[in-house]
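Next comes work01.csv, a file with CSV, C-alpha atoms and all ligand atoms.
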```csv
chain,number,residue,atom,x,y,z
A,250,MET,CA,-9.5,-17.1,0.4
A,251,SER,CA,-7.5,-18.9,3.0
A,252,GLU,CA,-3.9,-19.9,2.5
A,253,VAL,CA,-1.1,-21.8,4.1
A,254,LEU,CA,2.4,-20.2,4.2
A,255,THR,CA,5.6,-21.9,5.4
A,256,GLY,CA,8.8,-20.4,6.6
A,257,GLY,CA,11.3,-20.5,9.4
A,258,CYS,CA,14.8,-19.8,10.4
A,259,HIS,CA,17.7,-20.1,7.9
A,260,CYS,CA,19.2,-23.5,9.1
A,261,GLY,CA,15.9,-25.3,9.4
A,262,ASN,CA,15.8,-25.8,13.1
A,263,LEU,CA,12.7,-23.6,13.5
A,264,ARG,CA,9.9,-24.2,11.0
A,265,LEU,CA,6.7,-22.2,10.7
A,266,THR,CA,3.4,-23.2,9.2
A,267,PHE,CA,1.0,-20.3,9.1
A,268,HIS,CA,-2.6,-21.2,8.4
A,269,ALA,CA,-4.2,-17.9,7.4
A,270,SER,CA,-7.9,-17.5,7.2
A,271,LYS,CA,-7.6,-15.0,4.3
A,272,ALA,CA,-5.2,-14.0,1.6
A,273,PHE,CA,-1.9,-12.8,2.8
A,274,GLU,CA,-2.5,-9.4,1.2
A,275,ASP,CA,-5.5,-8.9,3.5
A,276,LEU,CA,-3.5,-9.3,6.7
A,277,PRO,CA,-1.9,-6.4,8.5
A,278,ILE,CA,1.9,-5.9,8.3
A,279,ARG,CA,3.3,-4.3,11.4
A,280,ALA,CA,6.7,-2.9,12.2
A,281,CYS,CA,7.0,-2.9,16.0
A,282,GLN,CA,9.2,0.0,17.1
A,283,CYS,CA,10.5,-1.6,20.3
A,284,SER,CA,14.3,-1.7,20.6
A,285,PHE,CA,14.5,-5.4,19.8
A,286,CYS,CA,12.3,-5.4,16.7
A,287,ARG,CA,13.9,-2.3,15.3
A,288,LYS,CA,17.3,-4.0,15.4
A,289,HIS,CA,15.8,-6.9,13.3
A,290,ASN,CA,13.9,-4.5,11.0
A,291,VAL,CA,10.8,-6.6,11.8
A,292,ARG,CA,7.8,-6.9,9.7
A,293,ALA,CA,5.2,-9.1,11.5
A,294,THR,CA,1.7,-10.3,11.0
A,295,ALA,CA,-0.9,-12.3,12.8
A,296,ASP,CA,-4.4,-13.6,12.0
A,297,PRO,CA,-6.8,-13.9,14.9
A,298,ASP,CA,-8.8,-16.4,12.8
A,299,GLY,CA,-5.7,-18.3,11.7
A,300,ARG,CA,-3.2,-20.3,13.6
A,301,LEU,CA,0.6,-20.9,13.6
A,302,GLU,CA,2.5,-24.1,14.0
A,303,ILE,CA,6.0,-23.8,15.3
A,304,ALA,CA,8.2,-26.9,14.7
A,305,VAL,CA,11.4,-27.1,16.7
A,306,ALA,CA,13.9,-29.7,15.6
A,307,ASP,CA,16.4,-29.1,18.5
A,308,GLN,CA,15.0,-27.4,21.6
A,309,ALA,CA,18.6,-26.7,22.8
A,310,LYS,CA,19.0,-24.4,19.7
A,311,LEU,CA,15.9,-22.4,20.5
A,312,SER,CA,16.5,-19.2,22.3
A,313,ARG,CA,13.4,-17.7,24.1
A,314,TYR,CA,14.7,-14.2,24.5
A,315,ARG,CA,12.9,-11.9,26.9
A,316,LEU,CA,12.9,-8.2,27.5
A,317,GLY,CA,10.7,-5.4,28.8
A,318,LEU,CA,7.8,-6.7,30.7
A,319,GLY,CA,9.2,-10.2,30.5
A,320,ILE,CA,5.9,-11.9,29.4
A,321,THR,CA,6.9,-12.6,25.8
A,322,ASP,CA,9.3,-15.2,24.3
A,323,PHE,CA,11.1,-13.9,21.3
A,324,LEU,CA,11.9,-17.1,19.4
A,325,VAL,CA,15.4,-16.9,17.9
A,326,CYS,CA,17.5,-19.8,16.5
A,327,ARG,CA,20.7,-20.1,18.3
A,328,ASP,CA,22.4,-21.7,15.3
A,329,CYS,CA,21.6,-19.2,12.5
A,330,GLY,CA,20.4,-16.2,14.5
A,331,VAL,CA,17.0,-15.8,12.8
A,332,TYR,CA,14.1,-14.3,14.8
A,333,VAL,CA,11.0,-16.2,13.6
A,334,GLY,CA,8.2,-15.0,15.9
A,335,ALA,CA,7.0,-14.1,19.4
A,336,VAL,CA,4.7,-16.0,21.7
A,337,MET,CA,3.1,-15.5,25.0
A,338,GLU,CA,0.9,-17.7,27.2
A,339,ASP,CA,-2.6,-16.6,28.0
A,340,ALA,CA,-2.7,-17.6,31.6
A,341,ALA,CA,-6.5,-17.6,31.6
A,342,ASN,CA,-6.7,-20.7,29.4
A,343,GLY,CA,-3.1,-21.8,28.8
A,344,GLU,CA,-3.3,-21.0,25.1
A,345,ILE,CA,-0.2,-19.8,23.3
A,346,LEU,CA,-0.7,-16.5,21.4
A,347,ALA,CA,1.7,-15.7,18.6
A,348,THR,CA,2.8,-13.3,16.0
A,349,CYS,CA,4.8,-14.4,12.9
A,350,ILE,CA,7.8,-12.6,11.4
A,351,VAL,CA,6.9,-12.1,7.7
A,352,ASN,CA,10.6,-11.8,6.8
A,353,THR,CA,11.0,-15.5,7.5
A,354,LEU,CA,8.1,-16.7,5.2
A,355,GLU,CA,8.7,-18.2,1.9
A,356,LEU,CA,6.7,-16.0,-0.4
A,357,ASP,CA,7.2,-13.5,-3.2
A,358,GLN,CA,8.5,-10.4,-1.5
A,359,ALA,CA,6.4,-8.2,-3.7
A,360,ARG,CA,3.3,-9.6,-1.8
A,361,ILE,CA,4.5,-7.8,1.4
A,362,LYS,CA,3.0,-4.4,1.7
A,363,GLU,CA,4.5,-1.4,3.5
A,364,PRO,CA,4.4,-2.1,7.2
A,365,VAL,CA,2.6,0.1,9.7
A,366,ALA,CA,4.9,1.3,12.4
A,367,VAL,CA,3.4,0.5,15.8
A,368,GLN,CA,4.4,1.5,19.4
A,369,TYR,CA,3.4,-0.5,22.4
A,370,GLU,CA,5.7,0.8,25.0
A,371,GLU,CA,3.0,2.5,27.1
A,372,GLU,CA,1.1,-0.8,27.6
A,373,THR,CA,0.8,-2.6,30.9
A,374,ALA,CA,0.9,-6.4,31.0
A,375,GLY,CA,-2.9,-6.5,31.1
A,376,SER,CA,-3.5,-4.2,28.2
A,377,ARG,CA,-0.8,-6.1,26.2
A,378,LEU,CA,-2.6,-9.4,26.8
A,379,GLU,CA,-5.9,-7.8,25.7
A,380,ARG,CA,-4.5,-6.5,22.5
A,381,ARG,CA,-2.8,-9.8,21.7
A,382,ARG,CA,-6.0,-11.8,22.4
A,383,ALA,CA,-7.7,-9.6,19.7
A,384,ARG,CA,-4.9,-9.5,17.2
A,385,TRP,CA,-2.5,-12.4,17.6
A,386,MET,CA,-3.3,-16.0,16.8
A,387,LYS,CA,-3.3,-19.3,18.5
A,388,ALA,CA,-0.1,-21.2,18.2
A,389,THR,CA,1.1,-24.8,18.8
A,390,PHE,CA,4.6,-26.1,19.2
A,391,ILE,CA,5.2,-29.4,17.5
B,1,ZN,ZN,18.3,-21.7,12.5
```
Translate this structure into structure tokens?
Amino acid sequence: MSEVLTGGCHCGNLRLTFHASKAFEDLPIRACQCSFCRKHNVRATADPDGRLEIAVADQAKLSRYRLGLGITDFLVCRDCGVYVGAVMEDAANGEILATCIVNTLELDQARIKEPVAVQYEEETAGSRLERRRARWMKATFI
């Protein structure tokens, strides 16, 4: 059963529309243990068969924070400070791959299962891209 979930930052500058190919309960919930995600107590999901639309009202208020390998944009609203998702470009085809921060979705919190802690610090840029091709989802900015 597919479903469409909406969410975004607190002030409304960044809006997410997550088209999931299955029920939210059937998607993985991950808690990345990198130093950035730990500070946000991140719970994230992505659906390789789904897609994410990211609507930006004011580009000047979108921070694309980078750290580590410098290949990922962590999307943070400059106005309200909410981290809504991360994206990277797949240089092979120009597609945008994304993961979505579950904390920012408008849904019954009881539907969010316990996250699985994940560590990616050993990855190279190449292995990171391979993992995200398999696990993240296509995204568009509108
Ligand atoms: Zn905001």
**Item:** Which of A:Leu316, A:Phe273, A:Leu311, A:Glu370 sits closest to Tyr332 in chain A [using only C-alpha atoms]
**Value:** A:Leu311
**Test item: which residues lie within 10 Å of (7.2, -17.9, 14.7) counting only C-alpha atoms, as a ChimeraX atom specification** = /A:256-258,263-267,293,301-304,323-325,332-336,347-351,353-354,388,390
**Prompt:** Distance CA of Gly261 in chain A-CA of Asn352 in chain A, one decimal place?
**Reply:**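 A separation of 14.7 Å between them.
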**Message:** Taking all atoms listed in the file into account, which residues have an atom no farther than 7 Å from ligand ZN 1 (chain B)? I'd like them as an MDAnalysis selection string.
**Reply:** chainID A and resid 258:263 326:331
**Asked** Rounded to one decimal in Å, what is the spacing between CA of Cys283 in chain A and CA of Arg315 in chain A?
**Response**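 So the two atoms, CA of Cys283 in chain A and CA of Arg315 in chain A, lie 12.5 Å apart.
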**Prompt:** Contacts of Leu276 in chain A at 9 Å or less, counting all atoms listed in the file, minus same-chain residues fewer than 6 places along, as a ChimeraX atom specification?
**Reply:** /A:269,294-296
Within 12 Å of file point (-1.8, -18.3, -0.1), counting only C-alpha atoms, expressed as a PDB file with C-alpha atoms, in the frame of the given file:
```pdb
ATOM      1  CA  MET A 250      -9.500 -17.100   0.400  1.00  0.00           C
ATOM      2  CA  SER A 251      -7.500 -18.900   3.000  1.00  0.00           C
ATOM      3  CA  GLU A 252      -3.900 -19.900   2.500  1.00  0.00           C
ATOM      4  CA  VAL A 253      -1.100 -21.800   4.100  1.00  0.00           C
ATOM      5  CA  LEU A 254       2.400 -20.200   4.200  1.00  0.00           C
ATOM      6  CA  THR A 255       5.600 -21.900   5.400  1.00  0.00           C
ATOM      7  CA  THR A 266       3.400 -23.200   9.200  1.00  0.00           C
ATOM      8  CA  PHE A 267       1.000 -20.300   9.100  1.00  0.00           C
ATOM      9  CA  HIS A 268      -2.600 -21.200   8.400  1.00  0.00           C
ATOM     10  CA  ALA A 269      -4.200 -17.900   7.400  1.00  0.00           C
ATOM     11  CA  SER A 270      -7.900 -17.500   7.200  1.00  0.00           C
ATOM     12  CA  LYS A 271      -7.600 -15.000   4.300  1.00  0.00           C
ATOM     13  CA  ALA A 272      -5.200 -14.000   1.600  1.00  0.00           C
ATOM     14  CA  PHE A 273      -1.900 -12.800   2.800  1.00  0.00           C
ATOM     15  CA  GLU A 274      -2.500  -9.400   1.200  1.00  0.00           C
ATOM     16  CA  ASP A 275      -5.500  -8.900   3.500  1.00  0.00           C
ATOM     17  CA  LEU A 276      -3.500  -9.300   6.700  1.00  0.00           C
ATOM     18  CA  LEU A 354       8.100 -16.700   5.200  1.00  0.00           C
ATOM     19  CA  GLU A 355       8.700 -18.200   1.900  1.00  0.00           C
ATOM     20  CA  LEU A 356       6.700 -16.000  -0.400  1.00  0.00           C
ATOM     21  CA  ASP A 357       7.200 -13.500  -3.200  1.00  0.00           C
ATOM     22  CA  ARG A 360       3.300  -9.600  -1.800  1.00  0.00           C
TER      23      ARG A 360
END
```
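Non-sequential neighbours of Tyr369 in chain A (distance at most 8 Å, separation of 4 or more positions within a chain, all atoms listed in the file) are Cys281, Gln282, Cys283 and Arg377 of chain A.
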**Request:** One decimal, Å: what's the distance from CA of Glu338 in chain A over to CA of Thr321 in chain A, could you say?
**Result:**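 A separation of 8.0 Å between them.
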**Item:** Nearest residue to Pro277 in chain A from the set A:Val367, A:Ala359, A:Leu378, A:Leu318 (distances using all atoms listed in the file)
**Value:**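 Checking each of A:Val367, A:Ala359, A:Leu378, A:Leu318 against Pro277 in chain A, counting all atoms listed in the file, the winner is A:Val367.
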**Item:** Shortest interatomic distance to Ala341 in chain A - which of A:Arg292, A:Arg287, A:Arg279, A:Arg382, counting all atoms listed in the file
**Value:**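 Among the listed residues, A:Arg382 lies closest to Ala341 in chain A.
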